[in-house]
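Shown here: entry.cif, mmCIF, C-alpha atoms.
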```cif
data_model
#
loop_
_atom_site.label_atom_id
_atom_site.label_comp_id
_atom_site.auth_asym_id
_atom_site.auth_seq_id
_atom_site.Cartn_x
_atom_site.Cartn_y
_atom_site.Cartn_z
CA MET A 124 14.05 -40.34 -10.53
CA GLU A 125 11.91 -38.17 -12.76
CA LEU A 126 8.87 -38.67 -10.54
CA PHE A 127 10.99 -37.93 -7.49
CA GLY A 128 12.11 -34.71 -9.17
CA ILE A 129 8.52 -33.67 -9.83
CA PHE A 130 7.54 -34.43 -6.24
CA PHE A 131 10.49 -32.64 -4.72
CA ALA A 132 10.13 -29.58 -6.94
CA ALA A 133 6.45 -29.28 -6.05
CA PHE A 134 7.04 -29.98 -2.35
CA LEU A 135 9.90 -27.63 -1.50
CA ILE A 136 11.49 -25.77 -4.40
CA ASN A 137 8.31 -24.28 -5.83
CA ASN A 138 6.39 -24.40 -2.57
CA ILE A 139 2.90 -23.35 -3.50
CA LEU A 140 2.38 -20.97 -0.57
CA LEU A 141 5.76 -19.43 0.06
CA ILE A 142 7.30 -19.30 -3.41
CA ARG A 143 4.42 -19.36 -5.88
CA PHE A 144 1.92 -17.34 -3.81
CA ILE A 145 -1.16 -19.41 -4.49
CA ALA A 146 -3.88 -19.93 -1.84
CA LEU A 147 -2.62 -17.16 0.40
CA CYS A 148 -6.08 -16.31 1.73
CA SER A 149 -6.19 -19.64 3.54
CA PHE A 150 -2.53 -19.34 4.51
CA PHE A 151 -3.25 -16.23 6.57
CA GLY A 152 -6.84 -17.08 7.40
CA VAL A 153 -6.63 -20.49 9.06
CA SER A 154 -3.09 -20.47 10.40
CA THR A 155 -3.86 -18.78 13.72
CA LYS A 156 -4.19 -22.17 15.46
CA ILE A 157 -2.30 -25.39 14.91
CA ASP A 158 -5.46 -27.53 15.01
CA THR A 159 -7.23 -25.60 12.28
CA SER A 160 -4.17 -25.63 10.05
CA ILE A 161 -3.86 -29.40 10.42
CA GLY A 162 -7.55 -29.85 9.54
CA MET A 163 -7.13 -27.63 6.50
CA SER A 164 -4.02 -29.52 5.42
CA PHE A 165 -5.80 -32.86 5.45
CA ALA A 166 -8.72 -31.44 3.53
CA VAL A 167 -6.36 -29.96 0.92
CA ILE A 168 -4.36 -33.18 0.48
CA PHE A 169 -7.57 -35.15 0.05
CA VAL A 170 -9.40 -32.81 -2.30
CA MET A 171 -6.40 -31.77 -4.35
CA THR A 172 -5.38 -35.31 -5.25
CA ILE A 173 -8.88 -36.35 -6.29
CA SER A 174 -9.75 -33.17 -8.13
CA SER A 175 -6.53 -33.08 -10.11
CA ALA A 176 -7.19 -36.66 -11.22
CA VAL A 177 -10.73 -35.78 -12.28
CA SER A 178 -9.78 -32.56 -14.02
CA TRP A 179 -6.99 -34.35 -15.90
CA VAL A 180 -9.56 -36.83 -17.19
CA VAL A 181 -12.03 -34.06 -18.06
CA TYR A 182 -9.38 -32.17 -20.01
CA HIS A 183 -7.88 -35.09 -21.91
CA PHE A 184 -11.03 -37.09 -22.61
CA ILE A 185 -13.72 -34.41 -22.98
CA LEU A 186 -12.26 -30.98 -23.73
CA SER A 187 -9.31 -32.00 -25.88
CA PRO A 188 -11.02 -34.46 -28.31
CA PHE A 189 -13.79 -31.95 -29.03
CA HIS A 190 -11.37 -28.99 -29.33
CA ILE A 191 -13.17 -26.96 -26.69
CA GLU A 192 -10.11 -26.16 -24.59
CA PHE A 193 -11.36 -22.60 -24.16
CA LEU A 194 -14.00 -23.95 -21.76
CA ARG A 195 -11.19 -25.06 -19.44
CA THR A 196 -11.68 -22.37 -16.79
CA ALA A 197 -15.44 -22.77 -16.53
CA SER A 198 -15.48 -26.55 -16.67
CA PHE A 199 -12.70 -27.04 -14.11
CA ILE A 200 -14.25 -24.80 -11.51
CA LEU A 201 -17.66 -26.42 -11.88
CA THR A 202 -16.11 -29.90 -11.76
CA ILE A 203 -14.23 -29.04 -8.59
CA ALA A 204 -17.25 -27.45 -6.92
CA ALA A 205 -19.40 -30.49 -7.69
CA LEU A 206 -16.64 -32.84 -6.59
CA VAL A 207 -16.23 -31.14 -3.22
CA GLN A 208 -19.95 -31.50 -2.59
CA LEU A 209 -19.81 -35.16 -3.53
CA GLU A 210 -16.81 -35.84 -1.33
CA GLU A 211 -18.52 -34.12 1.54
CA LEU A 212 -21.60 -36.35 1.21
CA TYR A 213 -19.46 -39.47 0.87
CA LEU A 214 -17.27 -38.72 3.88
CA LYS A 215 -20.24 -37.77 6.04
CA LYS A 216 -21.83 -41.14 5.34
CA MET A 217 -18.83 -43.48 5.12
CA ILE A 218 -16.01 -42.03 7.26
CA PRO A 219 -17.69 -39.73 9.81
CA ASN A 220 -14.50 -39.43 11.91
CA LEU A 221 -12.50 -38.01 9.06
CA TYR A 222 -15.43 -35.78 8.15
CA ARG A 223 -15.46 -34.34 11.66
CA ALA A 224 -11.72 -33.76 11.58
CA MET A 225 -11.98 -31.78 8.36
CA GLY A 226 -15.06 -29.95 9.59
CA ILE A 227 -15.86 -26.69 7.88
CA TYR A 228 -12.67 -26.73 5.80
CA LEU A 229 -14.07 -29.04 3.17
CA PRO A 230 -16.63 -26.59 1.72
CA LEU A 231 -14.13 -23.72 2.07
CA ILE A 232 -11.82 -25.55 -0.29
CA THR A 233 -14.03 -24.83 -3.30
CA THR A 234 -12.69 -21.29 -3.28
CA ASN A 235 -9.13 -22.34 -2.49
CA CYS A 236 -7.25 -21.32 -5.58
CA ALA A 237 -4.54 -23.95 -5.03
CA ILE A 238 -6.90 -26.71 -6.15
CA LEU A 239 -7.72 -24.95 -9.40
CA ALA A 240 -4.12 -23.85 -9.91
CA VAL A 241 -2.80 -27.40 -9.67
CA ALA A 242 -5.35 -28.54 -12.23
CA PHE A 243 -4.21 -25.78 -14.63
CA LEU A 244 -0.51 -26.25 -13.99
CA ALA A 245 -0.60 -30.01 -14.55
CA ILE A 246 -2.11 -29.27 -17.99
CA ASP A 247 0.34 -26.47 -18.74
CA TYR A 248 3.35 -28.66 -17.88
CA ARG A 249 1.95 -31.43 -20.14
CA TYR A 250 2.14 -34.04 -17.42
CA ASP A 251 0.72 -37.50 -18.04
CA PHE A 252 -1.70 -39.00 -15.54
CA GLY A 253 0.90 -40.52 -13.20
CA GLN A 254 3.06 -37.40 -13.22
CA SER A 255 0.13 -35.13 -12.47
CA MET A 256 -0.84 -37.35 -9.53
CA ILE A 257 2.67 -37.16 -8.08
CA TYR A 258 2.69 -33.44 -8.75
CA SER A 259 -0.58 -32.83 -6.88
CA ILE A 260 0.56 -34.94 -3.92
CA GLY A 261 3.81 -32.97 -3.81
CA VAL A 262 2.00 -29.64 -3.94
CA SER A 263 -0.46 -30.58 -1.21
CA CYS A 264 2.31 -31.90 1.07
CA GLY A 265 4.20 -28.65 0.52
CA TYR A 266 1.05 -26.72 1.40
CA SER A 267 0.66 -28.70 4.63
CA LEU A 268 4.30 -28.29 5.61
CA ALA A 269 4.24 -24.53 5.12
CA ILE A 270 0.90 -23.87 6.79
CA ILE A 271 1.60 -26.06 9.85
CA LEU A 272 5.06 -24.54 10.41
CA PHE A 273 3.54 -21.08 10.03
CA ALA A 274 0.82 -21.93 12.56
CA TYR A 275 3.47 -22.95 15.12
CA VAL A 276 5.27 -19.65 14.64
CA ARG A 277 2.05 -17.66 14.90
CA GLU A 278 1.06 -19.35 18.15
CA ARG A 279 4.41 -18.31 19.59
CA MET A 280 3.95 -14.80 18.24
CA ALA A 281 0.81 -14.32 20.30
CA LEU A 282 3.02 -14.05 23.38
CA ALA A 283 5.74 -11.88 21.86
CA PRO A 284 6.03 -8.12 22.45
CA ILE A 285 5.31 -6.77 18.97
CA PRO A 286 5.43 -3.06 18.04
CA LYS A 287 1.93 -1.63 18.00
CA TRP A 288 1.69 -0.90 14.26
CA PHE A 289 2.90 -4.35 13.36
CA GLN A 290 0.40 -6.33 15.40
CA GLY A 291 -1.86 -8.70 13.52
CA TYR A 292 -1.36 -9.08 9.78
CA PRO A 293 1.78 -6.96 9.22
CA ILE A 294 3.95 -9.12 11.48
CA ALA A 295 2.43 -12.25 9.95
CA PHE A 296 3.60 -11.06 6.53
CA ILE A 297 7.10 -10.33 7.81
CA THR A 298 7.23 -13.83 9.35
CA ALA A 299 6.10 -15.33 6.06
CA ALA A 300 8.88 -13.37 4.35
CA LEU A 301 11.50 -15.01 6.57
CA MET A 302 10.02 -18.46 5.93
CA SER A 303 9.94 -17.75 2.23
CA LEU A 304 13.61 -16.74 2.39
CA ALA A 305 14.39 -20.06 4.03
CA PHE A 306 12.50 -21.99 1.34
CA LEU A 307 14.38 -20.05 -1.33
CA GLY A 308 17.43 -21.94 -0.09
CA PHE A 309 16.06 -25.09 -1.71
CA SER A 310 16.22 -23.63 -5.21
CA ASN A 311 18.68 -25.28 -7.59
CA MET A 312 18.89 -28.31 -5.34
CA PHE A 313 19.47 -31.49 -7.40
CA GLY A 314 19.72 -29.22 -10.44
CA LEU A 315 15.94 -28.85 -10.56
CA MET B 36 -24.34 11.40 -3.98
CA SER B 37 -24.76 7.72 -3.27
CA LEU B 38 -23.29 6.97 -6.69
CA LEU B 39 -20.15 8.87 -5.75
CA LYS B 40 -19.99 7.01 -2.47
CA ASP B 41 -20.22 3.63 -4.21
CA PHE B 42 -17.34 4.70 -6.40
CA ASN B 43 -15.16 6.09 -3.61
CA GLN B 44 -15.57 3.29 -1.13
CA GLY B 45 -13.34 0.79 -2.87
CA ILE B 46 -10.37 3.08 -3.32
CA ILE B 47 -9.27 3.75 0.28
CA ALA B 48 -11.93 3.02 2.90
CA GLU B 49 -12.60 -0.52 1.72
CA ASN B 50 -9.46 -1.09 -0.29
CA PRO B 51 -9.77 -4.78 -1.15
CA VAL B 52 -6.11 -5.62 -0.68
CA LEU B 53 -4.81 -3.49 2.16
CA ARG B 54 -8.04 -3.24 4.16
CA LEU B 55 -10.20 -6.27 3.47
CA MET B 56 -7.25 -8.61 2.90
CA ILE B 57 -8.83 -10.35 -0.07
CA GLY B 58 -7.41 -11.18 -3.47
CA LEU B 59 -3.92 -11.45 -2.08
CA CYS B 60 -2.46 -14.13 -4.33
CA PRO B 61 -2.07 -12.09 -7.53
CA VAL B 62 -0.94 -9.05 -5.53
CA LEU B 63 2.05 -10.86 -4.16
CA ALA B 64 2.79 -13.00 -7.16
CA VAL B 65 2.79 -10.56 -10.07
CA SER B 66 4.03 -7.43 -8.30
CA ASN B 67 7.70 -8.17 -9.05
CA ASN B 68 7.69 -5.34 -11.57
CA ALA B 69 5.40 -2.44 -12.30
CA THR B 70 4.49 -3.55 -15.84
CA ASN B 71 3.17 -6.93 -14.72
CA ALA B 72 1.28 -5.25 -11.89
CA LEU B 73 -0.41 -2.87 -14.33
CA GLY B 74 -1.32 -5.71 -16.70
CA MET B 75 -2.84 -7.77 -13.91
CA SER B 76 -4.80 -4.74 -12.65
CA ALA B 77 -6.21 -4.19 -16.12
CA ALA B 78 -7.32 -7.82 -16.41
CA VAL B 79 -8.95 -7.79 -12.98
CA ALA B 80 -10.63 -4.45 -13.69
CA PHE B 81 -12.11 -5.78 -16.93
CA VAL B 82 -13.47 -8.93 -15.29
CA LEU B 83 -14.74 -7.13 -12.18
CA ILE B 84 -16.57 -4.34 -14.02
CA CYS B 85 -18.11 -6.65 -16.62
CA SER B 86 -19.20 -9.28 -14.10
CA ASN B 87 -20.68 -6.64 -11.80
CA TRP B 88 -22.59 -5.24 -14.76
CA VAL B 89 -23.97 -8.61 -15.89
CA VAL B 90 -24.80 -9.80 -12.37
CA ALA B 91 -26.65 -6.57 -11.63
CA MET B 92 -28.51 -6.87 -14.92
CA ILE B 93 -29.73 -10.41 -14.33
CA ARG B 94 -30.25 -10.11 -10.57
CA LYS B 95 -34.08 -9.99 -10.84
CA ILE B 96 -34.29 -13.23 -12.82
CA THR B 97 -31.59 -15.11 -10.87
CA PRO B 98 -33.01 -17.78 -8.55
CA ASP B 99 -31.60 -17.32 -5.06
CA GLU B 100 -30.59 -20.96 -4.52
CA ILE B 101 -28.27 -21.24 -7.50
CA ARG B 102 -26.93 -17.70 -7.61
CA ILE B 103 -23.33 -18.69 -6.76
CA PRO B 104 -22.91 -21.12 -9.71
CA ILE B 105 -24.46 -18.49 -11.96
CA PHE B 106 -21.99 -15.86 -10.75
CA ILE B 107 -19.15 -18.28 -11.34
CA ILE B 108 -20.26 -18.93 -14.91
CA VAL B 109 -20.53 -15.19 -15.60
CA ILE B 110 -17.11 -14.54 -14.08
CA SER B 111 -15.41 -17.42 -15.85
CA THR B 112 -16.80 -16.22 -19.18
CA PHE B 113 -15.09 -12.87 -18.78
CA VAL B 114 -11.92 -14.48 -17.43
CA THR B 115 -11.74 -16.68 -20.53
CA ILE B 116 -12.24 -13.62 -22.75
CA SER B 117 -9.46 -11.69 -21.05
CA ASP B 118 -7.20 -14.75 -21.07
CA TYR B 119 -7.53 -15.18 -24.83
CA VAL B 120 -7.34 -11.45 -25.59
CA MET B 121 -4.09 -11.18 -23.62
CA GLN B 122 -2.71 -14.25 -25.30
CA ALA B 123 -3.43 -12.72 -28.71
CA PHE B 124 -2.30 -9.12 -28.20
CA THR B 125 0.21 -9.16 -25.35
CA PRO B 126 1.79 -12.63 -25.42
CA GLU B 127 4.80 -11.59 -23.30
CA LEU B 128 2.63 -10.23 -20.54
CA HIS B 129 0.41 -13.30 -20.73
CA HIS B 130 3.45 -15.49 -20.33
CA ALA B 131 4.73 -13.47 -17.37
CA LEU B 132 1.40 -13.59 -15.55
CA GLY B 133 1.06 -17.30 -16.30
CA VAL B 134 -1.48 -19.25 -14.31
CA PHE B 135 -2.67 -16.12 -12.50
CA VAL B 136 -4.81 -15.04 -15.44
CA PRO B 137 -7.17 -18.07 -15.32
CA LEU B 138 -6.98 -17.89 -11.52
CA ILE B 139 -8.79 -14.53 -11.58
CA VAL B 140 -11.90 -16.71 -11.58
CA VAL B 141 -11.35 -17.67 -7.93
CA ASN B 142 -10.23 -14.20 -6.89
CA CYS B 143 -12.31 -13.44 -3.81
CA ILE B 144 -12.73 -9.78 -4.78
CA ILE B 145 -14.81 -10.56 -7.85
CA LEU B 146 -17.15 -13.17 -6.39
CA GLY B 147 -17.31 -11.10 -3.20
CA ARG B 148 -18.47 -7.97 -5.04
CA ALA B 149 -20.96 -9.95 -7.12
CA GLU B 150 -22.49 -11.42 -3.98
CA ALA B 151 -22.23 -8.43 -1.63
CA PHE B 152 -22.93 -5.58 -4.02
CA ALA B 153 -23.99 -6.27 -7.59
CA TYR B 154 -26.64 -8.80 -6.61
CA ARG B 155 -28.40 -6.17 -4.46
CA ASN B 156 -27.92 -2.95 -6.41
CA PRO B 157 -28.91 -1.37 -9.75
CA VAL B 158 -26.71 -1.59 -12.82
CA LEU B 159 -25.16 1.89 -12.69
CA ASN B 160 -24.20 1.62 -9.01
CA SER B 161 -22.70 -1.81 -9.62
CA ILE B 162 -20.56 -0.61 -12.51
CA LEU B 163 -19.30 2.31 -10.40
CA ASP B 164 -18.59 -0.06 -7.52
CA GLY B 165 -16.64 -2.26 -9.93
CA ILE B 166 -14.61 0.71 -11.18
CA GLY B 167 -13.90 1.92 -7.64
CA MET B 168 -12.91 -1.50 -6.36
CA SER B 169 -10.66 -2.20 -9.32
CA MET B 170 -8.99 1.18 -8.88
CA GLY B 171 -8.36 0.31 -5.24
CA PHE B 172 -6.92 -3.02 -6.31
CA ALA B 173 -4.77 -1.38 -8.98
CA LEU B 174 -3.54 1.25 -6.53
CA ALA B 175 -2.33 -1.39 -4.07
CA LEU B 176 -0.92 -3.68 -6.75
CA VAL B 177 0.91 -1.02 -8.75
CA SER B 178 2.36 0.69 -5.68
CA ILE B 179 3.74 -2.63 -4.43
CA GLY B 180 5.01 -3.34 -7.94
CA VAL B 181 6.78 0.03 -8.17
CA ILE B 182 8.36 -0.30 -4.71
CA ARG B 183 9.62 -3.80 -5.47
CA GLU B 184 10.93 -2.92 -8.91
CA VAL B 185 12.79 0.19 -7.69
CA LEU B 186 14.38 -1.56 -4.73
CA GLY B 187 14.96 -4.89 -6.42
CA ALA B 188 15.96 -4.03 -9.98
CA GLY B 189 16.67 -0.29 -9.88
CA SER B 190 14.07 0.59 -12.51
CA VAL B 191 10.43 1.65 -12.95
CA PHE B 192 8.31 0.21 -15.79
CA GLY B 193 11.58 -1.12 -17.24
CA ILE B 194 13.28 2.33 -17.28
CA ALA B 195 16.58 2.10 -15.41
CA LEU B 196 17.01 4.53 -12.49
CA PHE B 197 20.32 3.39 -11.07
CA ASN B 198 22.86 0.61 -11.40
CA PRO B 199 21.04 -2.70 -10.80
CA ALA B 200 24.23 -4.09 -9.24
CA VAL B 201 23.52 -2.10 -6.06
CA ALA B 202 19.82 -3.08 -5.94
CA ALA B 203 18.54 -5.60 -3.38
CA THR B 204 17.61 -8.53 -5.60
CA VAL B 205 15.67 -10.14 -2.77
CA MET B 206 12.93 -7.57 -3.31
CA ILE B 207 11.94 -9.03 -6.67
CA LEU B 208 12.17 -12.56 -5.29
CA PRO B 209 9.23 -14.05 -3.36
CA PRO B 210 10.29 -12.88 0.15
CA GLY B 211 10.35 -9.26 -1.05
CA ALA B 212 6.63 -9.39 -1.74
CA PHE B 213 5.84 -10.43 1.83
CA ILE B 214 8.15 -7.79 3.32
CA THR B 215 6.75 -4.99 1.16
CA ILE B 216 3.11 -5.70 1.91
CA GLY B 217 3.82 -6.21 5.63
CA ILE B 218 5.56 -2.86 5.98
CA LEU B 219 2.95 -1.11 3.82
CA MET B 220 0.18 -2.42 6.10
CA ALA B 221 2.00 -1.35 9.26
CA PHE B 222 2.48 2.10 7.70
CA LEU B 223 -1.25 2.34 6.89
CA ASN B 224 -2.10 1.35 10.48
CA LYS B 225 0.10 4.14 11.76
CA MET B 226 -1.39 6.71 9.37
CA GLU B 227 -4.91 5.73 10.27
CA ASN B 228 -4.14 6.11 13.95
CA LYS B 229 -2.75 9.58 13.36
CA VAL B 230 -5.83 10.69 11.43
CA GLN B 231 -8.09 9.56 14.23
#
```
As structure tokens:
Amino acid sequence: MELFGIFFAAFLINNILLIRFIALCSFFGVSTKIDTSIGMSFAVIFVMTISSAVSWVVYHFILSPFHIEFLRTASFILTIAALVQLEELYLKKMIPNLYRAMGIYLPLITTNCAILAVAFLAIDYRYDFGQSMIYSIGVSCGYSLAIILFAYVRERMALAPIPKWFQGYPIAFITAALMSLAFLGFSNMFGL
Amino acid sequence: MSLLKDFNQGIIAENPVLRLMIGLCPVLAVSNNATNALGMSAAVAFVLICSNWVVAMIRKITPDEIRIPIFIIVISTFVTISDYVMQAFTPELHHALGVFVPLIVVNCIILGRAEAFAYRNPVLNSILDGIGMSMGFALALVSIGVIREVLGAGSVFGIALFNPAVAATVMILPPGAFITIGILMAFLNKMENKVQ
């Protein structure tokens, strides 16, 4: 039940894009087409789960025992950057189909703040290893849900008669506001 | 003259938030009241100016192939400094900004300016560019913060203006951030069209 609570809170109630406002650059950047948003979602699910596992280990077995927690920011970002490179090499060699599906989104993820944010938040919430795994899966599923839904809406919007000043980004923000309002409806569900 | 131009560019013409659409996450997340917005602007300004300064200083001895990791180390040093300074002197603000303080390290504005400007320009120009850009960022962030706080809580910087019972609470909730920035952008588009 507790793990379910963590998953559900990360997935819907504190949706990383629409409620917590993390990784918005990619939210507006790659959501113009459904295909690209699906590719990005897979890349995020894959990288986020692995990198939060690795950064948990780095924090609890390297930084914490030596009392060098202040190096957290620098060490996490370097770990994640190196990890993304490694995953790229591995996928290219072992699972070329998946690599092609993720395409250019894999390297882009290094600068996706959601990955780093999840690593920090799992430490701040004092999650153990299992909890932080569930948490990162929940966050990345929530990311995928929001960005794919948003991409569907934006594809429709391309055909809609939009006032001249609102074309492009302004209307995208207003749409995101309505989606965010809908996600706000999940708050306090199950007393979370 | 060119120094003045470097300084001016970031404020309106290349405003990082409303024009270039970068560094959006903190703008939306911490603009729920004007005080938080000002605190975040100060932290970003500190990191941006210092990292521009250091990157410009070491640009001649930085090997081209590994410049990005070097920039990241420089930036994360200053982010760690500002994180700990805020924790020590303004614990309430640090708590309110939460994870967004360490996340300054992946803010596109800072790495973007290091790569696009400081790496190619002398120290003085880079510092001025940093000041200009962070003023542009602060302008956008604080104006969104003030709009949201007035409409959503009926106060500015915590000073009550009218009865909060008649304020639209949705403006300080997440959707309010999206609405405010959307309308502000549409307004800027309209103004720009008029000027032309």
*With all atoms listed in the file counted, which protein, DNA or RNA residues have an atom no more than 12 Å from (-20.6, -0.2, -11.3) in the file frame? Please answer as an MDAnalysis selection string.*
chainID B and resid 38:45 80:92 148:149 152:170
Residue selection dump (C-alpha atoms) as a PDB file, keeping the file's coordinate frame:
```
ATOM      1  CA  LEU B  38     -23.290   6.970  -6.690  1.00  0.00           C
ATOM      2  CA  LEU B  39     -20.150   8.870  -5.750  1.00  0.00           C
ATOM      3  CA  LYS B  40     -19.990   7.010  -2.470  1.00  0.00           C
ATOM      4  CA  ASP B  41     -20.220   3.630  -4.210  1.00  0.00           C
ATOM      5  CA  PHE B  42     -17.340   4.700  -6.400  1.00  0.00           C
ATOM      6  CA  ASN B  43     -15.160   6.090  -3.610  1.00  0.00           C
ATOM      7  CA  GLN B  44     -15.570   3.290  -1.130  1.00  0.00           C
ATOM      8  CA  GLY B  45     -13.340   0.790  -2.870  1.00  0.00           C
ATOM      9  CA  ALA B  80     -10.630  -4.450 -13.690  1.00  0.00           C
ATOM     10  CA  PHE B  81     -12.110  -5.780 -16.930  1.00  0.00           C
ATOM     11  CA  VAL B  82     -13.470  -8.930 -15.290  1.00  0.00           C
ATOM     12  CA  LEU B  83     -14.740  -7.130 -12.180  1.00  0.00           C
ATOM     13  CA  ILE B  84     -16.570  -4.340 -14.020  1.00  0.00           C
ATOM     14  CA  CYS B  85     -18.110  -6.650 -16.620  1.00  0.00           C
ATOM     15  CA  SER B  86     -19.200  -9.280 -14.100  1.00  0.00           C
ATOM     16  CA  ASN B  87     -20.680  -6.640 -11.800  1.00  0.00           C
ATOM     17  CA  TRP B  88     -22.590  -5.240 -14.760  1.00  0.00           C
ATOM     18  CA  VAL B  89     -23.970  -8.610 -15.890  1.00  0.00           C
ATOM     19  CA  VAL B  90     -24.800  -9.800 -12.370  1.00  0.00           C
ATOM     20  CA  ALA B  91     -26.650  -6.570 -11.630  1.00  0.00           C
ATOM     21  CA  MET B  92     -28.510  -6.870 -14.920  1.00  0.00           C
ATOM     22  CA  ARG B 148     -18.470  -7.970  -5.040  1.00  0.00           C
ATOM     23  CA  ALA B 149     -20.960  -9.950  -7.120  1.00  0.00           C
ATOM     24  CA  PHE B 152     -22.930  -5.580  -4.020  1.00  0.00           C
ATOM     25  CA  ALA B 153     -23.990  -6.270  -7.590  1.00  0.00           C
ATOM     26  CA  TYR B 154     -26.640  -8.800  -6.610  1.00  0.00           C
ATOM     27  CA  ARG B 155     -28.400  -6.170  -4.460  1.00  0.00           C
ATOM     28  CA  ASN B 156     -27.920  -2.950  -6.410  1.00  0.00           C
ATOM     29  CA  PRO B 157     -28.910  -1.370  -9.750  1.00  0.00           C
ATOM     30  CA  VAL B 158     -26.710  -1.590 -12.820  1.00  0.00           C
ATOM     31  CA  LEU B 159     -25.160   1.890 -12.690  1.00  0.00           C
ATOM     32  CA  ASN B 160     -24.200   1.620  -9.010  1.00  0.00           C
ATOM     33  CA  SER B 161     -22.700  -1.810  -9.620  1.00  0.00           C
ATOM     34  CA  ILE B 162     -20.560  -0.610 -12.510  1.00  0.00           C
ATOM     35  CA  LEU B 163     -19.300   2.310 -10.400  1.00  0.00           C
ATOM     36  CA  ASP B 164     -18.590  -0.060  -7.520  1.00  0.00           C
ATOM     37  CA  GLY B 165     -16.640  -2.260  -9.930  1.00  0.00           C
ATOM     38  CA  ILE B 166     -14.610   0.710 -11.180  1.00  0.00           C
ATOM     39  CA  GLY B 167     -13.900   1.920  -7.640  1.00  0.00           C
ATOM     40  CA  MET B 168     -12.910  -1.500  -6.360  1.00  0.00           C
ATOM     41  CA  SER B 169     -10.660  -2.200  -9.320  1.00  0.00           C
ATOM     42  CA  MET B 170      -8.990   1.180  -8.880  1.00  0.00           C
TER      43      MET B 170
END
```
*Pull out every residue of chain B that has at least one atom within 8 Å of chain A, counting all atoms listed in the file, and report them as a VMD selection string.*
chain B and resid 56 to 61 63 to 64 104 107 to 108 111 to 112 114 to 115 134 137 to 138 140 to 143 209 to 214 216 to 218 220 to 222 224 to 225
_Quick check on the file I pasted: which residues fall under the PyMOL selection byres ((chain A and resi 309) around 10)? Write them as a VMD selection string._
chain A and resid 131 to 132 135 to 138 304 to 308 310 to 313 315
Emit the selected residues as an mmCIF file, keeping the file's coordinate frame, including C-alpha atoms.
```cif
data_model
loop_
_atom_site.group_PDB
_atom_site.id
_atom_site.type_symbol
_atom_site.label_atom_id
_atom_site.label_comp_id
_atom_site.auth_asym_id
_atom_site.auth_seq_id
_atom_site.Cartn_x
_atom_site.Cartn_y
_atom_site.Cartn_z
ATOM 1 C CA PHE A 131 10.490 -32.640 -4.720
ATOM 2 C CA ALA A 132 10.130 -29.580 -6.940
ATOM 3 C CA LEU A 135 9.900 -27.630 -1.500
ATOM 4 C CA ILE A 136 11.490 -25.770 -4.400
ATOM 5 C CA ASN A 137 8.310 -24.280 -5.830
ATOM 6 C CA ASN A 138 6.390 -24.400 -2.570
ATOM 7 C CA LEU A 304 13.610 -16.740 2.390
ATOM 8 C CA ALA A 305 14.390 -20.060 4.030
ATOM 9 C CA PHE A 306 12.500 -21.990 1.340
ATOM 10 C CA LEU A 307 14.380 -20.050 -1.330
ATOM 11 C CA GLY A 308 17.430 -21.940 -0.090
ATOM 12 C CA SER A 310 16.220 -23.630 -5.210
ATOM 13 C CA ASN A 311 18.680 -25.280 -7.590
ATOM 14 C CA MET A 312 18.890 -28.310 -5.340
ATOM 15 C CA PHE A 313 19.470 -31.490 -7.400
ATOM 16 C CA LEU A 315 15.940 -28.850 -10.560
#
```
Which residues are near Ala188 (chain B)? Cut-off 8 Å, all atoms listed in the file, ignore same chain within fewer than 3 positions. Put them as a compact mmCIF listing (two decimals) with C-alpha atoms, in the frame of the given file.
```
# COMPACT_ATOMS: atom_id res chain seq x y z
CA ARG B 183 9.62 -3.80 -5.47
CA GLU B 184 10.93 -2.92 -8.91
CA VAL B 185 12.79 0.19 -7.69
CA PRO B 199 21.04 -2.70 -10.80
CA ALA B 202 19.82 -3.08 -5.94
CA ALA B 203 18.54 -5.60 -3.38
CA THR B 204 17.61 -8.53 -5.60
CA ILE B 207 11.94 -9.03 -6.67
```
*Rank nothing, just name the residue among B:Val181, B:Gly133, B:Phe172, B:Val65 nearest to Ile47 (chain B), using all atoms listed in the file.*
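Among the listed residues, B:Phe172 lies closest to Ile47 (chain B).
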_Among listed residues A:Cys264, A:Met256, A:Ile270, A:Met280, nearest Thr172 (chain A) (using all atoms listed in the file)_ =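 Selected residue with least distance to Thr172 (chain A): A:Met256.
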_If the PyMOL selection byres ((chain B and resi 128) around 12) were run on this exact file, what residues would it hold? Put them as a PyMOL selection string._
chain B and resi 65+68-75+77-78+118+120-127+129-136
From (-0.6, -0.6, -10.1), in the file's coordinates, out to 7 Å: which residues are reached, counting only C-alpha atoms? Answer as a CSV table (one decimal) with C-alpha atoms, keeping the file's coordinate frame.
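In the end it all went to result-v6.csv:
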```csv
chain,number,residue,atom,x,y,z
B,69,ALA,CA,5.4,-2.4,-12.3
B,72,ALA,CA,1.3,-5.2,-11.9
B,73,LEU,CA,-0.4,-2.9,-14.3
B,76,SER,CA,-4.8,-4.7,-12.6
B,173,ALA,CA,-4.8,-1.4,-9.0
B,174,LEU,CA,-3.5,1.2,-6.5
B,175,ALA,CA,-2.3,-1.4,-4.1
B,176,LEU,CA,-0.9,-3.7,-6.8
B,177,VAL,CA,0.9,-1.0,-8.8
B,178,SER,CA,2.4,0.7,-5.7
B,180,GLY,CA,5.0,-3.3,-7.9
```
